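To be precise, the following lines are start_35.txt, and they hold compact mmCIF, C-alpha atoms.
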# COMPACT_ATOMS: atom_id res chain seq x y z
CA MET C 1 58.04 -138.15 56.04
CA LEU C 2 58.73 -136.93 52.50
CA ARG C 3 61.54 -138.90 50.85
CA VAL C 4 63.70 -136.51 48.83
CA GLY C 5 66.41 -137.46 46.36
CA ILE C 6 69.00 -134.83 45.37
CA ASN C 7 70.32 -135.33 41.86
CA GLY C 8 73.42 -133.18 41.58
CA TYR C 9 75.60 -132.51 44.60
CA GLY C 10 77.38 -129.29 43.69
CA THR C 11 76.99 -125.71 44.86
CA ILE C 12 73.21 -125.87 45.22
CA GLY C 13 72.69 -129.60 45.70
CA LYS C 14 74.88 -129.97 48.77
CA ARG C 15 73.16 -127.02 50.42
CA VAL C 16 69.69 -128.34 49.60
CA ALA C 17 70.65 -131.78 50.95
CA ASP C 18 71.72 -130.26 54.27
CA ALA C 19 68.57 -128.13 54.38
CA VAL C 20 66.29 -131.12 53.71
CA ARG C 21 68.07 -133.09 56.43
CA ALA C 22 67.36 -130.25 58.88
CA GLN C 23 63.58 -130.34 58.30
CA PRO C 24 61.23 -132.26 60.61
CA ASP C 25 58.96 -133.51 57.82
CA MET C 26 61.37 -134.74 55.13
CA THR C 27 64.44 -136.91 54.75
CA VAL C 28 67.26 -137.33 52.22
CA VAL C 29 67.14 -140.65 50.35
CA GLY C 30 70.51 -140.00 48.77
CA VAL C 31 72.47 -137.74 46.45
CA GLY C 32 73.41 -138.20 42.82
CA LYS C 33 76.96 -137.63 41.60
CA THR C 34 78.70 -138.24 38.29
CA SER C 35 82.35 -137.99 39.42
CA PRO C 36 84.21 -139.64 42.34
CA ASP C 37 85.84 -136.38 43.38
CA TYR C 38 86.41 -134.64 46.74
CA VAL C 39 82.76 -133.55 46.75
CA ALA C 40 81.66 -137.17 46.61
CA GLU C 41 84.08 -137.95 49.45
CA ARG C 42 82.52 -135.17 51.52
CA ALA C 43 79.02 -136.49 50.81
CA ARG C 44 80.10 -139.89 52.02
CA ALA C 45 81.67 -138.37 55.15
CA LEU C 46 78.33 -136.74 55.88
CA GLU C 47 76.69 -140.15 55.55
CA TYR C 48 74.67 -139.39 52.45
CA ASP C 49 74.01 -142.44 50.28
CA LEU C 50 75.66 -141.93 46.91
CA TYR C 51 74.08 -142.77 43.56
CA ALA C 52 75.58 -142.42 40.09
CA PRO C 53 74.66 -143.17 36.48
CA ALA C 54 75.18 -146.86 35.73
CA GLU C 55 77.83 -146.07 33.13
CA ARG C 56 79.86 -144.16 35.74
CA ALA C 57 79.77 -146.83 38.46
CA GLU C 58 83.15 -148.28 37.52
CA ARG C 59 84.85 -144.93 38.17
CA PHE C 60 83.53 -144.87 41.73
CA ASP C 61 84.58 -148.47 42.27
CA THR C 62 88.11 -147.67 41.06
CA ALA C 63 88.22 -144.70 43.45
CA GLY C 64 87.12 -146.91 46.33
CA ILE C 65 83.81 -145.09 46.82
CA ASN C 66 80.85 -147.38 47.43
CA LEU C 67 77.58 -146.52 45.73
CA ALA C 68 74.12 -147.19 47.10
CA GLY C 69 72.85 -147.65 43.56
CA THR C 70 72.27 -146.00 40.22
CA THR C 71 70.66 -142.64 39.56
CA GLU C 72 67.62 -144.49 38.23
CA GLU C 73 67.35 -146.37 41.53
CA LEU C 74 67.53 -143.04 43.40
CA VAL C 75 64.63 -141.77 41.31
CA ARG C 76 62.59 -144.92 42.02
CA ALA C 77 63.26 -144.75 45.76
CA SER C 78 62.30 -141.09 46.12
CA ASP C 79 58.93 -139.39 46.46
CA VAL C 80 60.43 -136.38 44.71
CA ILE C 81 63.72 -135.38 43.13
CA VAL C 82 65.44 -132.03 43.54
CA ASP C 83 67.45 -131.70 40.35
CA ALA C 84 70.47 -129.52 41.15
CA THR C 85 72.52 -130.44 38.10
CA PRO C 86 74.18 -127.79 35.88
CA GLY C 87 71.96 -125.76 33.58
CA GLY C 88 70.52 -127.79 30.71
CA ILE C 89 71.22 -131.16 32.33
CA GLY C 90 67.93 -130.98 34.19
CA ALA C 91 66.06 -130.97 30.90
CA GLU C 92 68.04 -134.05 29.85
CA ASN C 93 67.04 -135.76 33.12
CA TYR C 94 63.36 -134.92 32.74
CA PRO C 95 62.45 -138.10 30.79
CA LEU C 96 63.93 -140.27 33.56
CA TYR C 97 61.72 -138.62 36.17
CA ALA C 98 58.67 -138.83 33.93
CA GLU C 99 59.32 -142.49 33.18
CA HIS C 100 59.10 -143.33 36.88
CA ASP C 101 56.28 -140.85 37.67
CA THR C 102 58.57 -139.09 40.13
CA PRO C 103 57.83 -135.38 40.60
CA ALA C 104 60.82 -133.07 40.41
CA ILE C 105 62.04 -129.61 41.28
CA PHE C 106 64.42 -127.95 38.82
CA GLN C 107 66.64 -124.91 39.27
CA GLY C 108 66.55 -121.51 37.61
CA ALA C 109 68.94 -122.31 34.77
CA GLU C 110 66.29 -124.57 33.21
CA GLU C 111 63.61 -123.17 30.92
CA ASP C 112 60.23 -122.21 32.35
CA GLU C 113 58.54 -124.27 29.61
CA LEU C 114 59.94 -127.45 31.17
CA VAL C 115 57.74 -127.23 34.27
CA ASP C 116 54.20 -126.66 35.48
CA THR C 117 55.15 -123.53 37.40
CA SER C 118 58.08 -121.32 38.35
CA PHE C 119 58.27 -120.74 42.08
CA ASN C 120 59.11 -118.24 44.78
CA ALA C 121 57.79 -118.95 48.26
CA ARG C 122 56.92 -115.35 49.14
CA SER C 123 55.33 -114.56 45.77
CA ASN C 124 53.37 -117.56 44.48
CA PHE C 125 53.55 -120.47 46.93
CA GLU C 126 50.11 -121.77 46.03
CA ALA C 127 50.98 -122.05 42.33
CA ALA C 128 53.05 -125.17 43.08
CA THR C 129 50.21 -127.01 44.83
CA ASP C 130 49.85 -130.43 43.19
CA ALA C 131 52.45 -129.54 40.53
CA GLU C 132 54.42 -132.46 39.15
CA TYR C 133 57.33 -130.32 37.99
CA THR C 134 58.36 -127.04 39.59
CA ARG C 135 61.21 -124.66 38.85
CA VAL C 136 62.79 -122.63 41.64
CA VAL C 137 63.84 -119.46 39.86
CA SER C 138 67.43 -118.25 39.82
CA CYS C 139 69.23 -116.50 42.66
CA ASN C 140 68.74 -113.06 41.12
CA THR C 141 65.09 -113.67 40.28
CA THR C 142 64.50 -115.03 43.78
CA GLY C 143 65.97 -111.86 45.26
CA LEU C 144 63.89 -109.58 43.05
CA CYS C 145 60.66 -111.44 43.78
CA ARG C 146 61.28 -111.24 47.52
CA LEU C 147 61.73 -107.48 47.28
CA LEU C 148 59.01 -106.63 44.77
CA THR C 149 56.21 -108.70 46.34
CA PRO C 150 55.93 -106.76 49.63
CA LEU C 151 56.34 -103.48 47.74
CA GLU C 152 53.50 -104.42 45.42
CA GLU C 153 51.30 -105.45 48.34
CA ALA C 154 51.95 -102.29 50.35
CA TYR C 155 52.27 -99.56 47.74
CA GLY C 156 51.65 -100.96 44.26
CA VAL C 157 54.42 -101.24 41.66
CA GLU C 158 54.04 -99.34 38.42
CA LYS C 159 57.52 -100.02 37.03
CA ALA C 160 60.72 -101.67 38.22
CA ARG C 161 64.12 -100.96 36.70
CA VAL C 162 67.08 -102.98 37.97
CA THR C 163 70.76 -103.05 37.07
CA LEU C 164 72.42 -106.30 38.15
CA ILE C 165 76.15 -106.27 38.88
CA ARG C 166 76.83 -109.98 38.72
CA ARG C 167 79.73 -111.95 40.11
CA GLY C 168 81.90 -113.53 37.43
CA GLY C 169 81.70 -117.00 39.00
CA ASP C 170 81.26 -118.90 42.24
CA PRO C 171 84.42 -119.27 44.36
CA VAL C 172 85.11 -122.78 43.01
CA GLN C 173 84.56 -121.84 39.36
CA SER C 174 88.16 -121.09 38.43
CA SER C 175 87.37 -121.22 34.71
CA ARG C 176 84.88 -118.34 34.88
CA GLY C 177 85.58 -114.68 34.30
CA PRO C 178 86.17 -111.89 33.51
CA ILE C 179 89.54 -111.75 35.23
CA ASP C 180 90.20 -108.02 34.79
CA ASP C 181 87.26 -106.45 33.02
CA ILE C 182 83.67 -105.26 33.34
CA LEU C 183 81.29 -106.71 30.77
CA PRO C 184 77.74 -105.90 29.73
CA ASP C 185 76.12 -109.32 30.15
CA PRO C 186 74.17 -109.43 27.97
CA VAL C 187 74.75 -106.38 25.77
CA SER C 188 71.13 -106.64 24.63
CA ILE C 189 68.36 -105.21 26.81
CA PRO C 190 66.56 -106.48 28.78
CA SER C 191 68.63 -109.18 30.43
CA HIS C 192 66.81 -112.46 31.05
CA HIS C 193 66.11 -111.57 34.68
CA GLY C 194 63.11 -109.31 34.00
CA PRO C 195 61.26 -111.89 31.89
CA ASP C 196 62.17 -114.50 34.51
CA VAL C 197 60.55 -112.39 37.26
CA LYS C 198 57.41 -112.32 35.16
CA THR C 199 57.18 -116.12 35.22
CA VAL C 200 56.44 -115.67 38.93
CA LEU C 201 54.90 -112.18 38.98
CA PRO C 202 53.26 -111.84 35.56
CA ASP C 203 51.70 -108.44 36.29
CA ILE C 204 54.96 -106.71 37.28
CA ASP C 205 56.34 -104.26 34.70
CA ILE C 206 60.10 -104.73 34.96
CA ASP C 207 63.21 -104.02 32.90
CA THR C 208 66.64 -105.37 33.82
CA LEU C 209 70.21 -104.79 32.67
CA GLY C 210 73.11 -107.06 33.50
CA THR C 211 76.85 -106.55 33.95
CA LYS C 212 79.52 -109.03 34.98
CA VAL C 213 82.52 -108.17 37.17
CA PRO C 214 85.64 -109.98 38.44
CA ALA C 215 84.26 -110.98 41.85
CA THR C 216 83.00 -114.18 43.48
CA HIS C 217 81.27 -113.15 46.71
CA MET C 218 77.79 -112.00 45.68
CA HIS C 219 75.62 -110.18 43.16
CA LEU C 220 74.64 -106.53 43.70
CA HIS C 221 71.32 -105.06 42.53
CA SER C 222 70.78 -101.35 41.92
CA VAL C 223 67.01 -101.04 42.18
CA ASN C 224 64.62 -98.28 41.08
CA VAL C 225 60.90 -98.95 41.54
CA THR C 226 58.17 -96.49 40.60
CA LEU C 227 55.43 -97.02 43.18
CA ALA C 228 51.72 -96.28 42.86
CA SER C 229 51.98 -94.15 46.01
CA SER C 230 54.62 -92.00 47.72
CA PRO C 231 55.52 -93.50 51.11
CA GLU C 232 58.09 -92.08 53.45
CA PRO C 233 61.45 -93.89 53.33
CA GLU C 234 61.09 -94.89 56.97
CA ALA C 235 57.75 -96.53 56.20
CA VAL C 236 59.39 -98.57 53.44
CA ARG C 237 62.22 -99.59 55.76
CA SER C 238 59.73 -100.71 58.40
CA ARG C 239 57.72 -102.66 55.85
CA LEU C 240 60.74 -104.48 54.45
CA ALA C 241 62.08 -105.20 57.94
CA GLU C 242 58.98 -107.36 58.52
CA GLU C 243 60.15 -109.81 55.85
CA SER C 244 62.10 -112.74 57.31
CA ARG C 245 64.14 -113.22 54.14
CA LEU C 246 65.21 -109.59 53.87
CA PHE C 247 68.07 -108.41 56.06
CA LEU C 248 68.24 -104.62 56.36
CA ILE C 249 71.85 -103.66 56.96
CA PRO C 250 71.84 -100.89 59.57
CA GLU C 251 73.60 -97.63 58.82
CA GLY C 252 76.98 -97.08 60.43
CA VAL C 253 77.92 -100.70 61.17
CA GLY C 254 80.75 -100.88 58.66
CA VAL C 255 79.16 -103.35 56.22
CA ASP C 256 80.35 -101.60 53.08
CA GLY C 257 80.14 -104.42 50.57
CA ALA C 258 79.88 -108.10 49.78
CA GLY C 259 83.12 -109.01 51.53
CA ALA C 260 81.91 -107.59 54.83
CA LEU C 261 78.56 -109.36 54.41
CA LYS C 262 80.30 -112.69 53.93
CA GLU C 263 82.47 -112.00 56.99
CA LEU C 264 79.32 -111.26 58.98
CA ALA C 265 77.78 -114.54 57.82
CA HIS C 266 80.88 -116.50 58.90
CA ASP C 267 80.97 -114.74 62.26
CA ALA C 268 77.28 -115.55 62.77
CA GLY C 269 78.10 -119.25 62.38
CA ARG C 270 76.47 -119.65 59.00
CA PRO C 271 77.50 -122.92 57.29
CA ARG C 272 79.75 -122.11 54.32
CA GLY C 273 79.18 -118.41 55.09
CA ASP C 274 75.74 -118.66 53.50
CA LEU C 275 73.39 -115.68 53.28
CA TRP C 276 69.88 -116.99 52.63
CA GLU C 277 68.44 -113.49 52.87
CA ASN C 278 68.48 -110.51 50.52
CA CYS C 279 70.85 -108.01 52.12
CA VAL C 280 69.42 -104.51 51.67
CA TRP C 281 71.46 -101.47 52.71
CA GLU C 282 69.00 -99.59 54.91
CA GLU C 283 70.52 -96.18 54.25
CA SER C 284 70.21 -96.76 50.48
CA ILE C 285 66.40 -96.85 50.73
CA ALA C 286 65.25 -93.50 49.39
CA VAL C 287 61.99 -92.23 47.92
CA GLU C 288 61.79 -89.29 45.53
CA ASP C 289 58.16 -88.54 44.72
CA SER C 290 57.01 -92.10 43.95
CA ASP C 291 60.41 -93.48 42.91
CA LEU C 292 62.03 -95.88 45.37
CA TYR C 293 65.77 -96.58 45.24
CA CYS C 294 67.92 -99.11 47.06
CA PHE C 295 70.88 -101.48 46.81
CA GLN C 296 70.67 -105.16 47.71
CA GLY C 297 73.22 -107.97 47.82
CA ILE C 298 72.29 -111.50 46.72
CA HIS C 299 74.37 -114.52 47.70
CA GLN C 300 74.17 -116.64 44.57
CA GLU C 301 75.21 -119.87 46.28
CA SER C 302 72.46 -119.99 48.89
CA ASP C 303 69.43 -117.72 48.55
CA VAL C 304 67.46 -120.34 46.58
CA VAL C 305 67.95 -123.02 49.24
CA PRO C 306 64.96 -122.07 51.44
CA GLU C 307 62.85 -121.80 48.29
CA ASN C 308 63.61 -125.41 47.35
CA ILE C 309 62.39 -126.55 50.77
CA ASP C 310 59.19 -124.51 50.52
CA ALA C 311 58.59 -125.79 46.99
CA LEU C 312 58.69 -129.36 48.33
CA ARG C 313 56.01 -128.56 50.90
CA ALA C 314 53.89 -126.68 48.39
CA MET C 315 53.95 -129.52 45.85
CA PHE C 316 52.85 -132.10 48.41
CA GLY C 317 50.48 -129.93 50.44
CA LEU C 318 52.51 -130.35 53.63
CA ALA C 319 51.89 -126.79 54.83
CA ASP C 320 50.56 -123.43 53.70
CA ARG C 321 52.91 -120.59 52.82
CA GLU C 322 53.19 -119.01 56.25
CA GLU C 323 53.72 -122.31 58.05
CA SER C 324 56.20 -123.63 55.50
CA MET C 325 58.32 -120.49 55.52
CA ARG C 326 58.28 -120.46 59.32
CA MET C 327 59.39 -124.10 59.49
CA THR C 328 62.10 -123.60 56.89
CA ASP C 329 63.42 -120.43 58.46
CA GLU C 330 63.47 -121.96 61.93
CA ALA C 331 65.26 -125.13 60.82
CA LEU C 332 67.93 -123.27 58.84
CA GLY C 333 68.30 -120.23 61.10
CA VAL C 334 67.04 -117.74 58.49
CA GLY C 335 66.63 -114.24 59.87
CA LEU C 336 70.05 -112.63 60.09
CA THR C 337 70.71 -109.92 62.68
CA LEU C 338 73.93 -108.29 63.82
CA ASP C 339 73.79 -110.28 67.05
CA SER C 340 73.01 -113.60 65.34
CA ALA C 341 74.90 -116.34 67.12
CA SER C 342 72.70 -119.41 66.71
CA ARG C 343 73.78 -122.14 64.33
CA PRO C 344 71.41 -124.07 62.08
CA ARG C 345 70.54 -127.56 63.23
CA TYR C 346 72.63 -129.33 60.61
CA ALA C 347 75.68 -127.23 61.47
CA ALA C 348 75.17 -127.96 65.16
CA ASP C 349 75.07 -131.65 64.32
CA GLY C 350 78.48 -131.33 62.69
CA GLN C 351 77.02 -131.65 59.22

Would you mind giving the structure from this file in structure tokens?
Amino acid sequence: MLRVGINGYGTIGKRVADAVRAQPDMTVVGVGKTSPDYVAERARALEYDLYAPAERAERFDTAGINLAGTTEELVRASDVIVDATPGGIGAENYPLYAEHDTPAIFQGAEEDELVDTSFNARSNFEAATDAEYTRVVSCNTTGLCRLLTPLEEAYGVEKARVTLIRRGGDPVQSSRGPIDDILPDPVSIPSHHGPDVKTVLPDIDIDTLGTKVPATHMHLHSVNVTLASSPEPEAVRSRLAEESRLFLIPEGVGVDGAGALKELAHDAGRPRGDLWENCVWEESIAVEDSDLYCFQGIHQESDVVPENIDALRAMFGLADREESMRMTDEALGVGLTLDSASRPRYAADGQ
């Protein structure tokens, strides 16, 4: 049983903790927090052992929240750490993990140079085998890798061009914006997403542009891929429908945007309304000569969660790619359909 510590219990960390708990071959040692806030109270209610930096322990004591130990003790007690702290903090934590010879997984906001490999389960699972430090790429990069890999395998990709319409902030990020504007983000081209894809798929020729809008639900990708062949649109739809982490939204069902997708996720019993899959509008898939076009929605709060689980198995040789993805998908309930009604194991357990 792989003993996993989660350092950082925010948007990603709490989801990864629940996902680890749902797996048959790993367990949560505890979660690291820096503030005795409502999130820490929820972690305690879910019976996660709480750890905090030694210099913050007094704050938890004053708030009446018992700690299981310090962050350093969490690192020592774990076989591996999933660092889900805010961008840049992971790099600051790196020396602590190295000091105790504890492997670690970092998130996409950290630099690729920090780790042995950047990771996407569908695209380069084997690259993380025996890695000490792995980086699960960002939500947008994860979504692009999931889409481009099967296209490359089936048809060859000569060039990808993607415009990313990005949410201004997560629902809890009240300080983020814009409030009433649409911003090029960044103004320079390409955005960082294309180079980030190449840390996983180095042979893909890709350019990306980014914009930021006043929304919180999801990101939207406008995708144009020049293929090496000219398949029929229906062939592309059938090929993408084979991918467990791609949900093709059927035509005519009334899912007209991110809000409807989130409603569908809630109605399907998804914890926190999570969408672990890329959501591709089926009727948007078009092919003109060798140019493929489509729209896909990416839920920024959750699509990297299955990838963190698969990265853990890859690093420790617990399963090959197909078996790991199957185990992860089964435990979480990945594979959204319009008649989805099953709840993931941890939701069924009241967690």

Give me the residues near region 280-293 of chain C as a list of chain:residue names, where near means some atom within 8 Å (using all atoms listed in the file) and where sequence neighbours in that chain fewer than 3 positions away do not count. C:Ser222, C:Val223, C:Asn224, C:Val225, C:Thr226, C:Leu227, C:Ala228, C:Ser229, C:Ser230, C:Pro231, C:Glu232, C:Pro233, C:Val236, C:Arg237, C:Leu246, C:Phe247, C:Leu248, C:Ile249, C:Pro250, C:Glu251, C:Gln296, C:Gly297

Same residues, C-alpha atoms, output as a PDB file, keeping the file's coordinate frame:
ATOM      1  CA  SER C 222      70.780-101.350  41.920  1.00  0.00           C
ATOM      2  CA  VAL C 223      67.010-101.040  42.180  1.00  0.00           C
ATOM      3  CA  ASN C 224      64.620 -98.280  41.080  1.00  0.00           C
ATOM      4  CA  VAL C 225      60.900 -98.950  41.540  1.00  0.00           C
ATOM      5  CA  THR C 226      58.170 -96.490  40.600  1.00  0.00           C
ATOM      6  CA  LEU C 227      55.430 -97.020  43.180  1.00  0.00           C
ATOM      7  CA  ALA C 228      51.720 -96.280  42.860  1.00  0.00           C
ATOM      8  CA  SER C 229      51.980 -94.150  46.010  1.00  0.00           C
ATOM      9  CA  SER C 230      54.620 -92.000  47.720  1.00  0.00           C
ATOM     10  CA  PRO C 231      55.520 -93.500  51.110  1.00  0.00           C
ATOM     11  CA  GLU C 232      58.090 -92.080  53.450  1.00  0.00           C
ATOM     12  CA  PRO C 233      61.450 -93.890  53.330  1.00  0.00           C
ATOM     13  CA  VAL C 236      59.390 -98.570  53.440  1.00  0.00           C
ATOM     14  CA  ARG C 237      62.220 -99.590  55.760  1.00  0.00           C
ATOM     15  CA  LEU C 246      65.210-109.590  53.870  1.00  0.00           C
ATOM     16  CA  PHE C 247      68.070-108.410  56.060  1.00  0.00           C
ATOM     17  CA  LEU C 248      68.240-104.620  56.360  1.00  0.00           C
ATOM     18  CA  ILE C 249      71.850-103.660  56.960  1.00  0.00           C
ATOM     19  CA  PRO C 250      71.840-100.890  59.570  1.00  0.00           C
ATOM     20  CA  GLU C 251      73.600 -97.630  58.820  1.00  0.00           C
ATOM     21  CA  GLN C 296      70.670-105.160  47.710  1.00  0.00           C
ATOM     22  CA  GLY C 297      73.220-107.970  47.820  1.00  0.00           C
TER      23      GLY C 297
END

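When the distance limit is 12 Å and all atoms listed in the file are what count, the residues near Gly90 (chain C), minus those fewer than 4 positions from it on the same chain, are Ile6, Asn7, Gly8, Ile81, Val82, Asp83, Ala84, Thr85, Pro86, Tyr94, Pro95, Leu96, Tyr97, Ala104, Ile105, Phe106, Gln107, Gly108, Ala109, Glu110, Glu111, Asp112, Leu114, Val115, Tyr133, Thr134 and Arg135 of chain C.
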
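Comparing the minimum interatomic distances between Pro53 (chain C) and each of C:Ser35, C:Ser78, C:Asn278, C:Asn66, counting all atoms listed in the file, we find that C:Ser35 sits nearest.
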
Tell me, as a PDB file with C-alpha atoms, in the frame of the given file, which residues lie within 8 Å of Ala54 (chain C), counting all atoms listed in the file; anything in the same chain fewer than 2 positions away does not count.
ATOM      1  CA  ALA C  52      75.580-142.420  40.090  1.00  0.00           C
ATOM      2  CA  ARG C  56      79.860-144.160  35.740  1.00  0.00           C
ATOM      3  CA  ALA C  57      79.770-146.830  38.460  1.00  0.00           C
ATOM      4  CA  THR C  70      72.270-146.000  40.220  1.00  0.00           C
ATOM      5  CA  THR C  71      70.660-142.640  39.560  1.00  0.00           C
TER       6      THR C  71
END

Write out as a PyMOL selection string the residues lying within 9 Å of Gly143 (chain C), counting all atoms listed in the file and excluding same-chain residues fewer than 3 positions away. chain C and resi 138-140+146-148+246+277-278+296-298+303-304

Selected residue, from C:Glu58, C:Glu113, C:Asp18, C:Glu153, that lies nearest to Arg239 (chain C) when counting all atoms listed in the file: C:Glu153

Min atom-atom distance to Pro150 (chain C) from the set C:Leu275, C:Ala40, C:Val16, C:Leu201, counting all atoms listed in the file, belongs to C:Leu201

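Of note, CA of Asp256 (chain C) and CA of Ile12 (chain C) are spaced 26.5 Å apart.
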
Nearest candidate to Val157 (chain C) (options C:Ile204, C:Ala311, C:Ala319, C:Ala17; using only C-alpha atoms): C:Ile204

Give, as lines of an AutoDock Vina configuration file, the centre coordinates and the x, y and z edge lengths in Å to one decimal for an axis-aligned box around all listed atoms of region 142-149 of chain C, padded by 5 Å on each side.
center_x = 61.1
center_y = -110.8
center_z = 45.3
size_x = 19.8
size_y = 18.4
size_z = 14.5

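The shortest atom-to-atom distance to Pro271 (chain C), with only C-alpha atoms taken into account, belongs to C:Gly333 out of C:Pro24, C:Gly257, C:Gly333, C:Gly169.
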
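Taking CA of Gln300 (chain C) and CA of Glu126 (chain C) as endpoints, the distance between them is 24.6 Å.
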
Looking at C:Leu338, C:Glu330, C:Arg167, C:Met26, which one is nearest to Val255 (chain C), with distances taken over only C-alpha atoms? C:Leu338

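You will find CA of His299 (chain C) at 19.5 Å from CA of Ile182 (chain C).
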
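Neighbours of His217 (chain C) closer than or equal to 12 Å, with all atoms listed in the file counted and sequence neighbours fewer than 6 positions away skipped, come out as C:Ile165, C:Arg166, C:Arg167, C:Gly168, C:Gly169, C:Asp170, C:Pro171, C:Val172, C:Gln173, C:Gly257, C:Ala258, C:Gly259, C:Ala260, C:Leu261, C:Lys262, C:Glu263, C:Ala265, C:Arg272, C:Gly273, C:Asp274, C:Leu275, C:Gly297, C:Ile298, C:His299, C:Gln300, C:Glu301, C:Ser302.
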
With 9 Å as the threshold, what does the neighbourhood of (58.9, -124.5, 50.0) contain in terms of residues, counting all atoms listed in the file? Coordinates are those of the file; answer as JSON, numbers by chain. {"C": [119, 120, 121, 125, 306, 307, 308, 309, 310, 311, 312, 313, 314, 315, 319, 321, 324, 325, 328]}
